[in-house]
Amino acid sequence: MNKTYKDLPEWVFELDEISANVYKVIGMHNSGYEISAIGISLEDIIEQCKSDAKEIELSIEGTQPSSCKKLNRE
C-alpha cells in the first residue's frame with residue numbers, strides 16, 4: 001500500500017507486511033532519494049522513515065551536510 005503525508009509532500013511511502021507481523025517501509029522522494037526500514041512495529045518504522053526523510057529534506061535544502069545517496073531510476 002502506498003501512503004503520502006502532508007508534512008512530506010514530495011515523498012511516497014510503500015508499506016508492506018513481508019512476513020507475519022514483519023513490516024517493510026520504503027520511502028521514495030520524487031527526485032530519486034530512497035530510504036527504508038524493516039521491523040515488527042509498523043508505526044515505529046513509519047516514524048523512523050519519516051524522520052530519515054526529513055533529514056534528507058534538510059540535506060537537499062543545503063542546511064546540513066549530505067550523507068544521503070541518490071539513486072538513479074533510469
# chains A, B, ... in the order shown; residues from 1 in each chain; ligands from 1

call {"tool": "residues_around", "arguments": {"residues": "region 11-24 of chain A", "least_positions_apart": "4", "cutoff": "7 Å", "atoms": "only C-alpha atoms", "output": "ChimeraX atom specification"}}
result
/A:1-4,28-30,37-40,42

call {"tool": "select_by_dssp", "arguments": {"residues": "chain A", "states": "alpha helix (DSSP H)", "output": "number ranges by chain"}}
result
A: 42-61

call {"tool": "select_by_dssp", "arguments": {"residues": "chain A", "states": "strand (DSSP E)", "output": "PyMOL selection string"}}
result
chain A and resi 2-5+8-19+22-29+34-39

call {"tool": "residues_around", "arguments": {"residues": "Ala53 (chain A)", "least_positions_apart": "5", "cutoff": "9 Å", "atoms": "only C-alpha atoms", "output": "PyMOL selection string"}}
result
chain A and resi 8+11+27-29+33-35+48+58

call {"tool": "write_last_selection", "arguments": {"atoms": "C-alpha atoms", "output": "compact mmCIF listing (two decimals), in the first residue's frame"}}
result
# COMPACT_ATOMS: atom_id res chain seq x y z
CA LEU A 8 6.45 15.31 3.33
CA TRP A 11 7.67 11.56 -0.70
CA GLY A 27 10.20 6.00 1.24
CA MET A 28 10.82 7.42 -2.23
CA HIS A 29 11.45 11.11 -2.95
CA TYR A 33 16.29 9.53 -2.97
CA GLU A 34 15.16 6.39 -1.16
CA ILE A 35 15.07 5.22 2.44
CA GLN A 48 11.75 6.20 11.53
CA LEU A 58 17.28 19.31 5.14

call {"tool": "atom_distance", "arguments": {"atom1": "CA of Asp44 (chain A)", "atom2": "CA of Gly62 (chain A)"}}
result
27.3 Å

call {"tool": "closest_residue", "arguments": {"among": "A:Tyr5, A:Ile26, A:Ile60, A:Glu10", "to": "Ile45 (chain A)", "atoms": "only C-alpha atoms"}}
result
A:Ile26

call {"tool": "atom_distance", "arguments": {"atom1": "CA of Ser59 (chain A)", "atom2": "CA of Ile46 (chain A)"}}
result
19.9 Å

call {"tool": "decode", "arguments": {"residues": "chain A", "atoms": "C-alpha atoms", "output": "PDB file, in the first residue's frame"}}
result
ATOM      1  CA  MET A   1       0.000   0.000   0.000  1.00  0.00           C
ATOM      2  CA  ASN A   2       1.319   3.469  -0.865  1.00  0.00           C
ATOM      3  CA  LYS A   3       0.866   6.374   1.508  1.00  0.00           C
ATOM      4  CA  THR A   4       1.718  10.075   1.476  1.00  0.00           C
ATOM      5  CA  TYR A   5       1.966  12.541   4.349  1.00  0.00           C
ATOM      6  CA  LYS A   6       1.160  16.264   4.344  1.00  0.00           C
ATOM      7  CA  ASP A   7       4.454  17.149   6.038  1.00  0.00           C
ATOM      8  CA  LEU A   8       6.447  15.309   3.327  1.00  0.00           C
ATOM      9  CA  PRO A   9       4.620  16.121   0.085  1.00  0.00           C
ATOM     10  CA  GLU A  10       7.483  15.067  -2.202  1.00  0.00           C
ATOM     11  CA  TRP A  11       7.671  11.563  -0.705  1.00  0.00           C
ATOM     12  CA  VAL A  12       5.675   8.382  -1.284  1.00  0.00           C
ATOM     13  CA  PHE A  13       5.927   5.600   1.282  1.00  0.00           C
ATOM     14  CA  GLU A  14       5.325   1.976   0.342  1.00  0.00           C
ATOM     15  CA  LEU A  15       4.100  -0.109   3.300  1.00  0.00           C
ATOM     16  CA  ASP A  16       4.295  -3.911   3.103  1.00  0.00           C
ATOM     17  CA  GLU A  17       3.859  -6.808   5.500  1.00  0.00           C
ATOM     18  CA  ILE A  18       6.707  -9.029   4.288  1.00  0.00           C
ATOM     19  CA  SER A  19       6.088 -11.843   6.780  1.00  0.00           C
ATOM     20  CA  ALA A  20       3.695 -12.427   9.660  1.00  0.00           C
ATOM     21  CA  ASN A  21       3.908  -9.222  11.729  1.00  0.00           C
ATOM     22  CA  VAL A  22       7.112  -8.095   9.977  1.00  0.00           C
ATOM     23  CA  TYR A  23       6.839  -4.854   8.023  1.00  0.00           C
ATOM     24  CA  LYS A  24       8.939  -3.036   5.463  1.00  0.00           C
ATOM     25  CA  VAL A  25       8.579   0.652   4.644  1.00  0.00           C
ATOM     26  CA  ILE A  26      10.278   2.237   1.641  1.00  0.00           C
ATOM     27  CA  GLY A  27      10.201   5.996   1.241  1.00  0.00           C
ATOM     28  CA  MET A  28      10.821   7.419  -2.226  1.00  0.00           C
ATOM     29  CA  HIS A  29      11.454  11.106  -2.952  1.00  0.00           C
ATOM     30  CA  ASN A  30      10.337  12.407  -6.332  1.00  0.00           C
ATOM     31  CA  SER A  31      13.960  13.254  -7.209  1.00  0.00           C
ATOM     32  CA  GLY A  32      15.244   9.715  -6.621  1.00  0.00           C
ATOM     33  CA  TYR A  33      16.287   9.526  -2.971  1.00  0.00           C
ATOM     34  CA  GLU A  34      15.157   6.393  -1.159  1.00  0.00           C
ATOM     35  CA  ILE A  35      15.068   5.217   2.435  1.00  0.00           C
ATOM     36  CA  SER A  36      13.781   2.013   4.025  1.00  0.00           C
ATOM     37  CA  ALA A  37      13.295   0.204   7.309  1.00  0.00           C
ATOM     38  CA  ILE A  38      12.144  -3.237   8.429  1.00  0.00           C
ATOM     39  CA  GLY A  39      10.634  -4.077  11.806  1.00  0.00           C
ATOM     40  CA  ILE A  40       7.780  -5.553  13.788  1.00  0.00           C
ATOM     41  CA  SER A  41       6.095  -2.262  14.688  1.00  0.00           C
ATOM     42  CA  LEU A  42       4.672  -0.626  11.585  1.00  0.00           C
ATOM     43  CA  GLU A  43       4.090   2.667  13.408  1.00  0.00           C
ATOM     44  CA  ASP A  44       7.706   2.771  14.623  1.00  0.00           C
ATOM     45  CA  ILE A  45       9.252   2.122  11.225  1.00  0.00           C
ATOM     46  CA  ILE A  46       6.941   4.646   9.563  1.00  0.00           C
ATOM     47  CA  GLU A  47       8.119   7.248  12.072  1.00  0.00           C
ATOM     48  CA  GLN A  48      11.751   6.198  11.532  1.00  0.00           C
ATOM     49  CA  CYS A  49      11.390   6.560   7.757  1.00  0.00           C
ATOM     50  CA  LYS A  50       9.619   9.902   8.087  1.00  0.00           C
ATOM     51  CA  SER A  51      12.410  11.152  10.353  1.00  0.00           C
ATOM     52  CA  ASP A  52      15.047   9.965   7.864  1.00  0.00           C
ATOM     53  CA  ALA A  53      13.111  11.626   5.029  1.00  0.00           C
ATOM     54  CA  LYS A  54      13.057  14.914   6.937  1.00  0.00           C
ATOM     55  CA  GLU A  55      16.847  14.697   7.378  1.00  0.00           C
ATOM     56  CA  ILE A  56      17.197  14.195   3.628  1.00  0.00           C
ATOM     57  CA  GLU A  57      14.928  17.192   3.040  1.00  0.00           C
ATOM     58  CA  LEU A  58      17.283  19.314   5.141  1.00  0.00           C
ATOM     59  CA  SER A  59      20.223  17.974   3.158  1.00  0.00           C
ATOM     60  CA  ILE A  60      18.516  18.778  -0.157  1.00  0.00           C
ATOM     61  CA  GLU A  61      17.827  22.299   1.079  1.00  0.00           C
ATOM     62  CA  GLY A  62      21.509  22.661   1.957  1.00  0.00           C
ATOM     63  CA  THR A  63      21.019  23.175   5.672  1.00  0.00           C
ATOM     64  CA  GLN A  64      23.221  20.247   6.684  1.00  0.00           C
ATOM     65  CA  PRO A  65      25.991  18.175   5.078  1.00  0.00           C
ATOM     66  CA  SER A  66      24.685  15.491   2.757  1.00  0.00           C
ATOM     67  CA  SER A  67      25.280  11.905   3.798  1.00  0.00           C
ATOM     68  CA  CYS A  68      22.471  10.663   1.579  1.00  0.00           C
ATOM     69  CA  LYS A  69      22.768   8.564  -1.525  1.00  0.00           C
ATOM     70  CA  LYS A  70      20.703   9.481  -4.564  1.00  0.00           C
ATOM     71  CA  LEU A  71      19.505   6.511  -6.622  1.00  0.00           C
ATOM     72  CA  ASN A  72      19.317   6.695 -10.385  1.00  0.00           C
ATOM     73  CA  ARG A  73      15.975   5.365 -11.598  1.00  0.00           C
ATOM     74  CA  GLU A  74      16.516   5.209 -15.328  1.00  0.00           C
TER      75      GLU A  74
END
